[in-house]
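**Q** Below is entry17.cif; it holds mmCIF, C-alpha atoms (C1' of nucleotides).
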data_structure
#
loop_
_atom_site.label_atom_id
_atom_site.label_comp_id
_atom_site.auth_asym_id
_atom_site.auth_seq_id
_atom_site.Cartn_x
_atom_site.Cartn_y
_atom_site.Cartn_z
CA MET A 1 130.04 -14.13 -4.72
CA ALA A 2 131.61 -15.18 -1.43
CA ALA A 3 135.05 -15.40 -2.91
CA ALA A 4 137.49 -18.16 -3.58
CA GLU A 5 140.19 -15.48 -3.73
CA ARG A 6 140.19 -12.11 -2.00
CA SER A 7 137.33 -10.03 -3.31
CA THR A 8 137.75 -6.52 -4.66
CA ARG A 9 135.82 -5.23 -1.70
CA ASP A 10 138.20 -6.84 0.77
CA ARG A 11 141.23 -5.73 -1.21
CA VAL A 12 139.97 -2.15 -1.06
CA LEU A 13 139.53 -2.40 2.70
CA ASP A 14 142.98 -3.97 3.05
CA SER A 15 144.52 -1.15 1.04
CA PHE A 16 142.72 1.51 3.02
CA GLU A 17 144.05 0.04 6.25
CA THR A 18 147.54 -0.40 4.90
CA LEU A 19 147.75 3.19 3.75
CA LEU A 20 146.36 4.48 7.04
CA VAL A 21 148.93 2.46 8.96
CA THR A 22 152.00 3.02 6.84
CA ALA A 23 151.45 6.58 5.67
CA GLY A 24 148.83 8.19 7.88
CA SER A 25 145.33 9.43 7.28
CA ARG A 26 146.37 12.28 5.02
CA ALA A 27 147.82 9.80 2.56
CA ALA A 28 144.85 7.46 2.59
CA THR A 29 143.01 9.24 -0.21
CA LEU A 30 140.49 7.56 -2.45
CA ASP A 31 142.90 7.73 -5.36
CA ALA A 32 145.71 6.20 -3.35
CA VAL A 33 143.48 3.45 -1.98
CA ALA A 34 142.15 2.61 -5.43
CA ALA A 35 145.64 2.50 -6.92
CA HIS A 36 146.93 0.30 -4.09
CA ALA A 37 144.02 -2.10 -4.48
CA ASN A 38 144.40 -2.19 -8.28
CA VAL A 39 140.90 -0.88 -8.80
CA SER A 40 139.80 2.25 -10.56
CA LYS A 41 138.41 5.05 -8.51
CA GLY A 42 135.02 4.38 -10.05
CA GLY A 43 135.30 0.76 -9.01
CA LEU A 44 136.13 1.74 -5.46
CA LEU A 45 133.16 4.08 -5.29
CA TYR A 46 130.95 1.33 -6.59
CA HIS A 47 131.65 -0.71 -3.45
CA PHE A 48 131.87 2.23 -1.06
CA PRO A 49 129.80 5.19 -2.27
CA SER A 50 131.78 7.62 -0.12
CA LYS A 51 134.90 7.77 1.98
CA ASP A 52 132.70 7.60 5.02
CA GLU A 53 131.27 4.27 3.87
CA LEU A 54 134.83 3.06 3.56
CA VAL A 55 135.37 3.88 7.22
CA VAL A 56 132.14 2.16 8.20
CA GLY A 57 133.12 -0.92 6.20
CA MET A 58 136.49 -1.04 7.89
CA LEU A 59 135.05 -0.72 11.39
CA THR A 60 132.46 -3.40 10.72
CA ARG A 61 135.15 -5.81 9.66
CA LEU A 62 137.22 -4.82 12.70
CA ARG A 63 134.41 -5.70 15.08
CA GLU A 64 134.09 -9.12 13.48
CA GLN A 65 137.82 -9.71 13.81
CA GLY A 66 137.64 -8.47 17.41
CA GLU A 67 135.05 -11.03 18.40
CA ALA A 68 137.16 -13.79 16.93
CA ASP A 69 140.18 -12.49 18.84
CA ALA A 70 138.39 -12.43 22.20
CA THR A 71 137.45 -16.07 21.70
CA LYS A 72 141.04 -17.00 20.87
CA MET A 73 142.20 -15.12 23.97
CA ARG A 74 139.79 -16.99 26.22
CA THR A 75 140.95 -20.36 24.98
CA ALA A 76 144.67 -19.66 24.49
CA LYS A 77 146.98 -22.46 25.63
CA LYS A 78 149.29 -20.24 27.69
CA GLY A 79 146.35 -18.36 29.13
CA PRO A 80 144.68 -15.02 28.34
CA VAL A 81 147.35 -12.80 29.88
CA ASP A 82 150.18 -14.18 27.81
CA TYR A 83 148.02 -14.19 24.71
CA TYR A 84 146.96 -10.60 25.29
CA LEU A 85 150.47 -9.31 25.88
CA SER A 86 152.14 -11.16 23.05
CA THR A 87 149.52 -10.01 20.58
CA SER A 88 149.74 -6.41 21.81
CA ALA A 89 153.19 -6.10 20.32
CA HIS A 90 153.46 -6.27 16.60
CA THR A 91 152.18 -9.46 15.06
CA GLY A 92 151.65 -8.30 11.52
CA SER A 93 148.23 -9.89 11.47
CA ASP A 94 145.25 -8.50 9.61
CA PHE A 95 143.61 -7.76 12.92
CA ASP A 96 146.63 -5.82 14.07
CA ARG A 97 146.59 -3.71 10.97
CA ALA A 98 142.85 -3.07 11.28
CA LEU A 99 143.34 -2.00 14.87
CA VAL A 100 146.04 0.51 14.07
CA ALA A 101 144.03 1.81 11.14
CA ALA A 102 141.02 2.36 13.40
CA ALA A 103 143.21 4.23 15.86
CA ARG A 104 144.28 6.57 13.10
CA ILE A 105 140.68 7.23 12.19
CA ALA A 106 139.69 7.72 15.82
CA GLN A 107 142.25 10.49 16.08
CA GLU A 108 140.52 12.41 13.34
CA HIS A 109 137.59 12.73 15.72
CA ASP A 110 135.53 9.88 14.40
CA GLN A 111 133.28 8.76 17.21
CA ARG A 112 132.35 5.45 15.63
CA ALA A 113 136.02 4.51 15.49
CA SER A 114 136.53 5.52 19.13
CA GLU A 115 133.52 3.46 20.14
CA ALA A 116 134.69 0.41 18.22
CA LEU A 117 138.08 0.66 19.90
CA ALA A 118 136.54 1.17 23.32
CA ASP A 119 134.30 -1.87 22.82
CA LEU A 120 137.26 -4.02 21.82
CA ARG A 121 139.20 -2.90 24.90
CA GLU A 122 136.23 -3.65 27.09
CA GLY A 123 136.09 -7.16 25.64
CA TRP A 124 139.74 -7.80 26.46
CA PHE A 125 139.39 -6.33 29.92
CA THR A 126 136.44 -8.57 30.70
CA VAL A 127 138.46 -11.66 29.82
CA LEU A 128 141.44 -10.46 31.87
CA ARG A 129 139.34 -9.69 34.94
CA GLU A 130 137.46 -12.98 34.78
CA HIS A 131 140.72 -14.86 34.51
CA LEU A 132 142.59 -12.95 37.21
CA GLY A 133 139.74 -12.13 39.57
CA ASP A 134 141.54 -8.87 40.38
CA GLU A 135 140.45 -5.60 38.84
CA ALA A 136 143.57 -3.61 39.71
CA LEU A 137 145.82 -6.23 38.21
CA ALA A 138 143.62 -6.62 35.13
CA ARG A 139 143.66 -2.86 34.53
CA THR A 140 147.41 -2.67 35.01
CA ILE A 141 148.02 -5.50 32.57
CA GLN A 142 145.70 -3.86 30.10
CA LEU A 143 147.72 -0.65 30.41
CA ILE A 144 150.91 -2.57 29.75
CA GLY A 145 149.27 -4.01 26.65
CA ASP A 146 148.24 -0.53 25.59
CA GLY A 147 151.80 0.61 26.12
CA LEU A 148 153.21 -2.21 24.00
CA TYR A 149 150.67 -1.41 21.34
CA PHE A 150 151.37 2.30 21.48
CA ASP A 151 155.12 1.80 21.22
CA ASP A 152 154.56 -0.50 18.32
CA THR A 153 152.42 1.95 16.38
CA MET A 154 154.96 4.68 17.02
CA GLY A 155 157.89 2.56 15.97
CA LEU A 156 159.31 3.01 19.47
CA GLN A 157 159.48 -0.55 20.69
CA ALA A 158 162.30 -1.04 23.14
CA LYS A 159 164.10 -4.30 22.71
CA GLY A 160 163.08 -7.01 25.08
CA ALA A 161 160.10 -5.13 26.41
CA LEU A 162 157.90 -8.22 26.48
CA THR A 163 160.56 -10.21 28.30
CA HIS A 164 160.86 -7.51 30.95
CA VAL A 165 157.11 -7.49 31.43
CA ARG A 166 156.93 -11.26 31.82
CA ASN A 167 159.73 -11.01 34.35
CA VAL A 168 157.80 -8.49 36.45
CA LEU A 169 154.51 -10.35 36.16
CA ARG A 170 156.19 -13.49 37.48
CA ARG A 171 157.04 -11.58 40.65
CA LEU A 172 153.31 -10.92 41.00
CA ASP A 173 152.55 -14.63 40.51
CA VAL A 174 150.84 -13.94 37.24
CA LEU A 175 152.16 -16.19 34.46
CA MET B 1 161.54 39.40 21.85
CA ALA B 2 161.36 37.10 24.85
CA ALA B 3 157.84 38.08 25.62
CA ALA B 4 156.06 39.66 28.54
CA GLU B 5 152.84 38.23 27.11
CA ARG B 6 152.56 35.32 24.74
CA SER B 7 154.19 36.25 21.47
CA THR B 8 152.53 35.77 18.10
CA ARG B 9 155.05 33.08 17.34
CA ASP B 10 154.12 31.14 20.45
CA ARG B 11 150.44 31.66 19.85
CA VAL B 12 150.82 30.19 16.37
CA LEU B 13 152.63 27.17 17.78
CA ASP B 14 149.97 26.81 20.49
CA SER B 15 147.24 26.90 17.88
CA PHE B 16 148.98 24.40 15.67
CA GLU B 17 149.27 22.00 18.58
CA THR B 18 145.71 22.57 19.70
CA LEU B 19 144.32 21.87 16.26
CA LEU B 20 146.46 18.77 15.88
CA VAL B 21 145.28 17.46 19.22
CA THR B 22 141.60 18.33 19.06
CA ALA B 23 140.89 17.82 15.38
CA GLY B 24 143.71 15.80 13.85
CA SER B 25 146.35 16.57 11.32
CA ARG B 26 143.97 16.95 8.42
CA ALA B 27 142.33 19.86 10.15
CA ALA B 28 145.56 21.61 11.10
CA THR B 29 145.79 23.63 7.89
CA LEU B 30 147.67 26.88 7.62
CA ASP B 31 144.42 28.81 7.27
CA ALA B 32 142.93 27.12 10.32
CA VAL B 33 146.05 27.66 12.42
CA ALA B 34 146.23 31.34 11.47
CA ALA B 35 142.55 31.89 12.24
CA HIS B 36 142.86 30.11 15.61
CA ALA B 37 145.89 32.21 16.54
CA ASN B 38 144.23 35.44 15.42
CA VAL B 39 146.95 36.10 12.90
CA SER B 40 146.65 36.58 9.18
CA LYS B 41 147.96 33.85 6.94
CA GLY B 42 150.65 36.26 5.82
CA GLY B 43 151.57 36.84 9.44
CA LEU B 44 151.88 33.14 10.09
CA LEU B 45 154.08 32.69 7.05
CA TYR B 46 156.22 35.56 8.23
CA HIS B 47 157.22 33.54 11.31
CA PHE B 48 157.16 30.10 9.68
CA PRO B 49 157.92 30.28 5.96
CA SER B 50 156.39 26.84 5.39
CA LYS B 51 154.31 24.25 7.15
CA ASP B 52 157.43 22.21 7.61
CA GLU B 53 159.05 25.05 9.54
CA LEU B 54 155.99 25.06 11.75
CA VAL B 55 156.63 21.41 12.54
CA VAL B 56 160.30 22.09 13.23
CA GLY B 57 159.38 24.98 15.52
CA MET B 58 156.97 22.82 17.42
CA LEU B 59 159.46 20.01 17.90
CA THR B 60 162.17 22.41 19.04
CA ARG B 61 159.89 23.82 21.69
CA LEU B 62 158.88 20.28 22.69
CA ARG B 63 162.49 19.31 23.33
CA GLU B 64 162.97 22.33 25.55
CA GLN B 65 159.84 21.45 27.51
CA GLY B 66 161.04 17.86 27.71
CA GLU B 67 164.32 18.77 29.34
CA ALA B 68 162.50 20.82 31.94
CA ASP B 69 160.18 17.89 32.60
CA ALA B 70 163.01 15.40 33.13
CA THR B 71 164.49 17.74 35.72
CA LYS B 72 161.17 18.05 37.52
CA MET B 73 160.83 14.26 37.45
CA ARG B 74 164.24 13.76 39.02
CA THR B 75 163.50 16.11 41.88
CA ALA B 76 159.81 15.36 42.45
CA LYS B 77 158.76 15.12 46.07
CA LYS B 78 156.92 11.80 45.75
CA GLY B 79 159.68 10.37 43.60
CA PRO B 80 160.15 9.90 39.85
CA VAL B 81 157.79 6.94 39.48
CA ASP B 82 154.79 8.71 40.93
CA TYR B 83 155.61 11.86 39.03
CA TYR B 84 155.98 9.95 35.79
CA LEU B 85 152.72 8.05 36.16
CA SER B 86 150.62 10.95 37.31
CA THR B 87 151.82 13.14 34.47
CA SER B 88 151.25 10.37 31.93
CA ALA B 89 147.53 10.70 32.37
CA HIS B 90 145.95 13.91 31.23
CA THR B 91 147.26 17.00 32.94
CA GLY B 92 146.18 19.62 30.45
CA SER B 93 149.63 21.16 30.53
CA ASP B 94 151.31 22.80 27.58
CA PHE B 95 153.84 19.99 27.59
CA ASP B 96 151.08 17.42 27.41
CA ARG B 97 149.54 19.11 24.44
CA ALA B 98 152.88 19.40 22.67
CA LEU B 99 153.50 15.72 23.25
CA VAL B 100 150.19 14.62 21.77
CA ALA B 101 150.67 16.99 18.86
CA ALA B 102 154.09 15.51 18.14
CA ALA B 103 152.59 12.04 18.24
CA ARG B 104 150.09 13.07 15.59
CA ILE B 105 152.88 14.37 13.40
CA ALA B 106 154.98 11.27 13.97
CA GLN B 107 152.14 9.16 12.62
CA GLU B 108 152.29 11.02 9.33
CA HIS B 109 155.71 9.49 8.89
CA ASP B 110 157.75 12.43 10.09
CA GLN B 111 161.05 11.04 11.28
CA ARG B 112 162.05 14.14 13.20
CA ALA B 113 158.91 13.85 15.27
CA SER B 114 159.51 10.17 15.93
CA GLU B 115 163.07 10.94 16.99
CA ALA B 116 162.00 13.72 19.31
CA LEU B 117 159.50 11.39 20.95
CA ALA B 118 162.03 8.58 21.21
CA ASP B 119 164.54 10.94 22.83
CA LEU B 120 161.99 12.10 25.37
CA ARG B 121 161.11 8.52 26.24
CA GLU B 122 164.76 7.65 26.60
CA GLY B 123 165.15 10.54 29.03
CA TRP B 124 162.30 9.31 31.20
CA PHE B 125 163.54 5.75 31.08
CA THR B 126 167.00 6.80 32.23
CA VAL B 127 165.54 8.50 35.28
CA LEU B 128 163.32 5.51 36.08
CA ARG B 129 166.16 3.00 35.79
CA GLU B 130 168.54 5.10 37.86
CA HIS B 131 165.92 5.46 40.56
CA LEU B 132 164.78 1.82 40.58
CA GLY B 133 168.03 0.07 39.70
CA ASP B 134 165.96 -2.53 37.87
CA GLU B 135 165.65 -2.48 34.11
CA ALA B 136 162.70 -4.87 33.82
CA LEU B 137 160.71 -2.87 36.35
CA ALA B 138 161.66 0.42 34.76
CA ARG B 139 160.56 -0.79 31.32
CA THR B 140 157.32 -2.15 32.70
CA ILE B 141 156.52 1.11 34.45
CA GLN B 142 157.34 2.99 31.31
CA LEU B 143 154.92 0.78 29.40
CA ILE B 144 152.23 1.51 31.96
CA GLY B 145 152.89 5.21 31.48
CA ASP B 146 152.65 4.75 27.73
CA GLY B 147 149.37 2.95 28.23
CA LEU B 148 147.97 5.76 30.38
CA TYR B 149 149.14 8.25 27.81
CA PHE B 150 147.70 6.25 24.93
CA ASP B 151 144.33 5.86 26.62
CA ASP B 152 144.32 9.55 27.31
CA THR B 153 145.00 10.55 23.74
CA MET B 154 142.32 8.16 22.56
CA GLY B 155 139.77 9.40 25.08
CA LEU B 156 139.63 5.88 26.51
CA GLN B 157 140.73 6.42 30.06
CA ALA B 158 139.18 3.90 32.37
CA LYS B 159 138.13 5.36 35.69
CA GLY B 160 140.53 4.79 38.50
CA ALA B 161 143.28 3.45 36.27
CA LEU B 162 145.99 5.34 38.14
CA THR B 163 144.72 4.11 41.50
CA HIS B 164 144.77 0.53 40.25
CA VAL B 165 148.33 0.95 39.03
CA ARG B 166 149.50 2.40 42.35
CA ASN B 167 147.84 -0.52 44.09
CA VAL B 168 149.75 -3.05 41.99
CA LEU B 169 153.06 -1.19 42.29
CA ARG B 170 152.73 -1.22 46.04
CA ARG B 171 152.67 -5.03 45.91
CA LEU B 172 156.01 -4.80 44.11
CA ASP B 173 157.38 -2.51 46.83
CA VAL B 174 157.59 0.37 44.43
CA LEU B 175 155.87 3.49 45.82
"C1'" DT C 1 163.82 53.21 8.98
"C1'" DC C 2 163.19 48.53 10.51
"C1'" DT C 3 160.26 45.04 12.47
"C1'" DA C 4 156.16 42.86 12.65
"C1'" DC C 5 152.68 42.33 10.98
"C1'" DT C 6 147.51 42.79 7.86
"C1'" DG C 7 144.88 41.84 3.72
"C1'" DT C 8 144.02 40.47 -0.74
"C1'" DA C 9 144.71 38.27 -4.87
"C1'" DC C 10 146.35 34.50 -7.06
"C1'" DC C 11 148.27 29.72 -8.71
"C1'" DG C 12 149.08 24.80 -9.26
"C1'" DG C 13 148.09 20.53 -7.44
"C1'" DC C 14 145.38 17.47 -5.04
"C1'" DT C 15 140.86 15.56 -3.26
"C1'" DA C 16 136.13 13.82 -2.89
"C1'" DG C 17 132.70 12.72 -5.45
"C1'" DA C 18 129.57 12.75 -9.63
"C1'" DC C 19 128.69 10.78 -13.89
"C1'" DG C 20 128.44 8.37 -18.17
"C1'" DG C 21 129.96 4.47 -20.25
"C1'" DT C 22 131.38 -0.70 -20.79
"C1'" DA C 23 131.64 -5.82 -20.23
"C1'" DT C 24 129.56 -9.82 -18.61
"C1'" DA C 25 126.08 -12.80 -16.93
"C1'" DC C 26 121.69 -14.44 -16.40
"C1'" DA C 27 116.40 -14.45 -17.09
"C1'" DC C 28 112.30 -14.81 -19.45
"C1'" DA C 29 109.60 -14.85 -23.60
"C1'" DA C 30 108.42 -15.28 -28.53
"C1'" DT D 1 117.67 -19.45 -30.39
"C1'" DT D 2 117.11 -14.97 -30.68
"C1'" DG D 3 115.96 -10.76 -28.71
"C1'" DT D 4 115.02 -7.73 -24.81
"C1'" DG D 5 115.81 -6.41 -20.21
"C1'" DT D 6 118.11 -6.14 -15.82
"C1'" DA D 7 121.75 -6.50 -12.35
"C1'" DT D 8 126.55 -6.57 -11.12
"C1'" DA D 9 131.03 -5.00 -11.34
"C1'" DC D 10 133.63 -2.26 -12.79
"C1'" DC D 11 136.56 2.00 -15.91
"C1'" DG D 12 137.93 6.77 -16.96
"C1'" DT D 13 136.91 11.54 -17.05
"C1'" DC D 14 135.44 15.76 -15.13
"C1'" DT D 15 134.64 19.42 -11.75
"C1'" DA D 16 134.14 22.27 -7.59
"C1'" DG D 17 136.60 23.32 -3.82
"C1'" DC D 18 140.39 23.14 -0.59
"C1'" DC D 19 145.35 23.49 0.60
"C1'" DG D 20 150.06 25.09 0.61
"C1'" DG D 21 152.52 28.59 -0.92
"C1'" DT D 22 153.69 33.15 -3.45
"C1'" DA D 23 153.50 38.00 -4.13
"C1'" DC D 24 152.95 42.31 -2.90
"C1'" DA D 25 151.08 46.66 -1.29
"C1'" DG D 26 150.10 48.81 2.92
"C1'" DT D 27 150.40 50.06 8.09
"C1'" DA D 28 151.44 50.99 13.00
"C1'" DG D 29 154.80 51.23 16.50
"C1'" DA D 30 159.74 51.61 18.30
#
Would you mind writing the file's structure down as structure tokens?
**A**
Amino acid sequence: MAAAERSTRDRVLDSFETLLVTAGSRAATLDAVAAHANVSKGGLLYHFPSKDELVVGMLTRLREQGEADATKMRTAKKGPVDYYLSTSAHTGSDFDRALVAAARIAQEHDQRASEALADLREGWFTVLREHLGDEALARTIQLIGDGLYFDDTMGLQAKGALTHVRNVLRRLDVL
Amino acid sequence: MAAAERSTRDRVLDSFETLLVTAGSRAATLDAVAAHANVSKGGLLYHFPSKDELVVGMLTRLREQGEADATKMRTAKKGPVDYYLSTSAHTGSDFDRALVAAARIAQEHDQRASEALADLREGWFTVLREHLGDEALARTIQLIGDGLYFDDTMGLQAKGALTHVRNVLRRLDVL
DNA sequence: TCTACTGTACCGGCTAGACGGTATACACAA
DNA sequence: TTGTGTATACCGTCTAGCCGGTACAGTAGA
């Protein structure tokens, strides 16, 4: 049933991501995920026969969200650069959460997660380079986005970081 | 014993960091750390009575390495900015490894690790701002460094990223 | 004798996953 | 319309194995 309300399957995936993001991969156990999603462990394993399938399910959903995001970036009112930077810092969106969750998984040496992340980054870079027509600048802006994202995931964000970046990019006639 | 050769204690810390970096926190078990350091589990627990003490030991050493790094940054021949950026990408140094290891720990919700990382970042930022006399620029450069560092830890580094960054910074009359 | 270990044996708790069972819905057939 | 069968979507329990930590007896070198 394509659901009117959030399906159990999606709730399980949401919970898995949430636990990965807020408590780390050690805490994202099957029991914890099931409890968070208000499903029994048996119910969870019905939808995802193993923890690995849970990872696969999460990454599949991430890729779908990623394609939607690239489209939004291309057509953003204030342009791709501003869209990219402002969504690199914490937005609290589902996509954001999925991204951080995938990063956690990637660190546990999961190649599929690393690939998914690399593909997403490649998508963003392509949009940036097309828009700017300048590889060095596109790469630099992407690094700034990575930095904002990194700081965010580490709870390190310095106040006004985005404002400072916009300030500097204006000197380069971007924005 | 301040050691002529690497002490058991240091070897244990090295192994802990290495396992955290190369295999993730789930894999950095006491048994695995002891085996990697060629020490018995009893021997490991002689130096670090608990896993938590191992974390504390690692963070203490990291702070020491961090102070040494800030000094090197301040007095670097090519200037702090170049030093900061070129050491943000992978250098393979002990300090680098310790930094990535601490990041892994921080993600498991360890506040001491987050604080240690935040303090290190603050130290770098102070040097950058003093040198540049421009907060927005200093923050932006720090974000670029974070991005380089993030990409490195994720195995995402795009070829020539540092060159691109230097290119852009030259347009801003930095470097 | 003290320090710095080795090695083994063990325990309690947690973890992934297997498994058997249950409730509901719908389908076809007599 | 009643009975039989099948599929979906779960629940709750159980177990093998791993992990952190304890305990302790022994050893080699300074």
**Q** Determine the residue membership of the PyMOL selection byres ((chain A) within 12 of (chain C)) for the file above and supply it as an NGL selection string.
**A** :A and (26-32 or 41-42 or 44-46 or 48-52)
**Q** Okay, now the selection with C-alpha atoms, as a compact mmCIF listing (two decimals), in the frame of the given file?
**A**
# COMPACT_ATOMS: atom_id res chain seq x y z
CA ARG A 26 146.37 12.28 5.02
CA ALA A 27 147.82 9.80 2.56
CA ALA A 28 144.85 7.46 2.59
CA THR A 29 143.01 9.24 -0.21
CA LEU A 30 140.49 7.56 -2.45
CA ASP A 31 142.90 7.73 -5.36
CA ALA A 32 145.71 6.20 -3.35
CA LYS A 41 138.41 5.05 -8.51
CA GLY A 42 135.02 4.38 -10.05
CA LEU A 44 136.13 1.74 -5.46
CA LEU A 45 133.16 4.08 -5.29
CA TYR A 46 130.95 1.33 -6.59
CA PHE A 48 131.87 2.23 -1.06
CA PRO A 49 129.80 5.19 -2.27
CA SER A 50 131.78 7.62 -0.12
CA LYS A 51 134.90 7.77 1.98
CA ASP A 52 132.70 7.60 5.02
**Q** What does the distance from atom CA of Ala116 of chain B to atom CA of Arg63 of chain B come to in Å, to one decimal?
**A**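 Taking atom CA of Ala116 of chain B as the start and atom CA of Arg63 of chain B as the end point, the length is 6.9 Å.
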**Q** Against chain B, which residues of chain D fall within 9 Å? For each one I want the closest pair of atoms and the distance in Å (one decimal), counting only C-alpha atoms (C1' of nucleotides), rows by chain and increasing residue number, as a tab-separated table.
**A**
residue	atom	partner	partner_atom	distance
D:DC19	C1'	B:Thr29	CA	7.3
D:DG20	C1'	B:Leu30	CA	7.6
D:DG21	C1'	B:Ser50	CA	7.6
**Q** Compute the chain A side of the contact with chain B at 8 Å, counting only C-alpha atoms, and hand it back as a PyMOL selection string.
**A** chain A and resi 22-26+103+106-109+114+118+135-137+139-140+142-148+150-151+154-156+161+163-165+167-168+171-172
**Q** I'd like the neighbourhood of segment 74-78 of chain B as a PyMOL selection string, where a residue qualifies if any of its atoms comes within 9 Å (using all atoms listed in the file), though same-chain residues fewer than 5 positions away should be ignored.
**A** chain B and resi 69+83+127-128+131+175
**Q** Once you have the residues from the selection above, write them out as an mmCIF file, keeping the file's coordinate frame, restricted to C-alpha atoms.
**A**
data_model
loop_
_atom_site.group_PDB
_atom_site.id
_atom_site.type_symbol
_atom_site.label_atom_id
_atom_site.label_comp_id
_atom_site.auth_asym_id
_atom_site.auth_seq_id
_atom_site.Cartn_x
_atom_site.Cartn_y
_atom_site.Cartn_z
ATOM 1 C CA ASP B 69 160.180 17.890 32.600
ATOM 2 C CA TYR B 83 155.610 11.860 39.030
ATOM 3 C CA VAL B 127 165.540 8.500 35.280
ATOM 4 C CA LEU B 128 163.320 5.510 36.080
ATOM 5 C CA HIS B 131 165.920 5.460 40.560
ATOM 6 C CA LEU B 175 155.870 3.490 45.820
#
**Q** Figure out the distance between atom CA of Val39 of chain B and atom C1' of DA30 of chain D, please, to one decimal in Å.
**A**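 One can read the atom C1' of DA30 of chain D to atom CA of Val39 of chain B distance as 20.8 Å.
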**Q** Here's a test: counting only C-alpha atoms (C1' of nucleotides), identify every protein, DNA and RNA residue with an atom at most 10 Å from (125.3, -7.1, -9.3) in the file's coordinate frame, and state them as a list in words.
**A** Met1 of chain A; DA25 of chain C; DT6, DA7, DT8 and DA9 of chain D
**Q** Given all atoms listed in the file as the basis, pick out the residue of A:Leu62, A:Ala68, A:Ala34, A:Leu99 nearest to DC11 of chain D.
**A**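 Closest to DC11 of chain D of all the choices is A:Ala34.
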**Q** Separation of atom CA of Thr87 of chain A and atom CA of Leu54 of chain A, in Å?
**A** 26.0 Å
**Q** Can you find the residues with an atom no farther than 12 Å from (147.3, -6.4, -9.5), counting all atoms listed in the file, and report them as a list of chain:residue names?
**A**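 Residues satisfying the cut-off, written out: A:Arg6, A:Thr8, A:Arg11, A:Val12, A:Ala34, A:Ala35, A:His36, A:Ala37, A:Asn38, A:Val39, A:Ser40.
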**Q** Can you tell me, as JSON, the centre and edge lengths (Å, one decimal) of the axis-aligned box enclosing all of segment 6-15 of chain C's listed atoms after padding each side by 5 Å?
**A**
{"center_x": 145.0, "center_y": 29.2, "center_z": -0.7, "size_x": 18.2, "size_y": 37.2, "size_z": 27.1}
**Q** Output segment 8-21 of chain A with N, CA and C atoms present, as an mmCIF file, keeping the file's coordinate frame.
**A**
data_model
loop_
_atom_site.group_PDB
_atom_site.id
_atom_site.type_symbol
_atom_site.label_atom_id
_atom_site.label_comp_id
_atom_site.auth_asym_id
_atom_site.auth_seq_id
_atom_site.Cartn_x
_atom_site.Cartn_y
_atom_site.Cartn_z
ATOM 1 N N THR A 8 137.370 -7.921 -4.465
ATOM 2 C CA THR A 8 137.750 -6.520 -4.660
ATOM 3 C C THR A 8 137.416 -5.700 -3.416
ATOM 4 N N ARG A 9 136.253 -5.954 -2.884
ATOM 5 C CA ARG A 9 135.820 -5.230 -1.700
ATOM 6 C C ARG A 9 136.814 -5.384 -0.545
ATOM 7 N N ASP A 10 137.235 -6.604 -0.311
ATOM 8 C CA ASP A 10 138.200 -6.840 0.770
ATOM 9 C C ASP A 10 139.566 -6.237 0.442
ATOM 10 N N ARG A 11 139.943 -6.303 -0.814
ATOM 11 C CA ARG A 11 141.230 -5.730 -1.210
ATOM 12 C C ARG A 11 141.229 -4.214 -0.991
ATOM 13 N N VAL A 12 140.084 -3.590 -1.275
ATOM 14 C CA VAL A 12 139.970 -2.150 -1.060
ATOM 15 C C VAL A 12 140.127 -1.829 0.424
ATOM 16 N N LEU A 13 139.441 -2.596 1.253
ATOM 17 C CA LEU A 13 139.530 -2.400 2.700
ATOM 18 C C LEU A 13 140.964 -2.635 3.181
ATOM 19 N N ASP A 14 141.579 -3.683 2.691
ATOM 20 C CA ASP A 14 142.980 -3.970 3.050
ATOM 21 C C ASP A 14 143.872 -2.787 2.695
ATOM 22 N N SER A 15 143.680 -2.250 1.508
ATOM 23 C CA SER A 15 144.520 -1.150 1.040
ATOM 24 C C SER A 15 144.286 0.105 1.871
ATOM 25 N N PHE A 16 143.059 0.348 2.197
ATOM 26 C CA PHE A 16 142.720 1.510 3.020
ATOM 27 C C PHE A 16 143.462 1.411 4.351
ATOM 28 N N GLU A 17 143.366 0.248 4.971
ATOM 29 C CA GLU A 17 144.050 0.040 6.250
ATOM 30 C C GLU A 17 145.565 0.182 6.109
ATOM 31 N N THR A 18 146.090 -0.446 5.101
ATOM 32 C CA THR A 18 147.540 -0.400 4.900
ATOM 33 C C THR A 18 148.033 1.036 4.744
ATOM 34 N N LEU A 19 147.325 1.807 3.962
ATOM 35 C CA LEU A 19 147.750 3.190 3.750
ATOM 36 C C LEU A 19 147.608 4.011 5.034
ATOM 37 N N LEU A 20 146.538 3.778 5.771
ATOM 38 C CA LEU A 20 146.360 4.480 7.040
ATOM 39 C C LEU A 20 147.530 4.177 7.976
ATOM 40 N N VAL A 21 147.899 2.899 8.032
ATOM 41 C CA VAL A 21 148.930 2.460 8.960
ATOM 42 C C VAL A 21 150.321 2.914 8.532
#
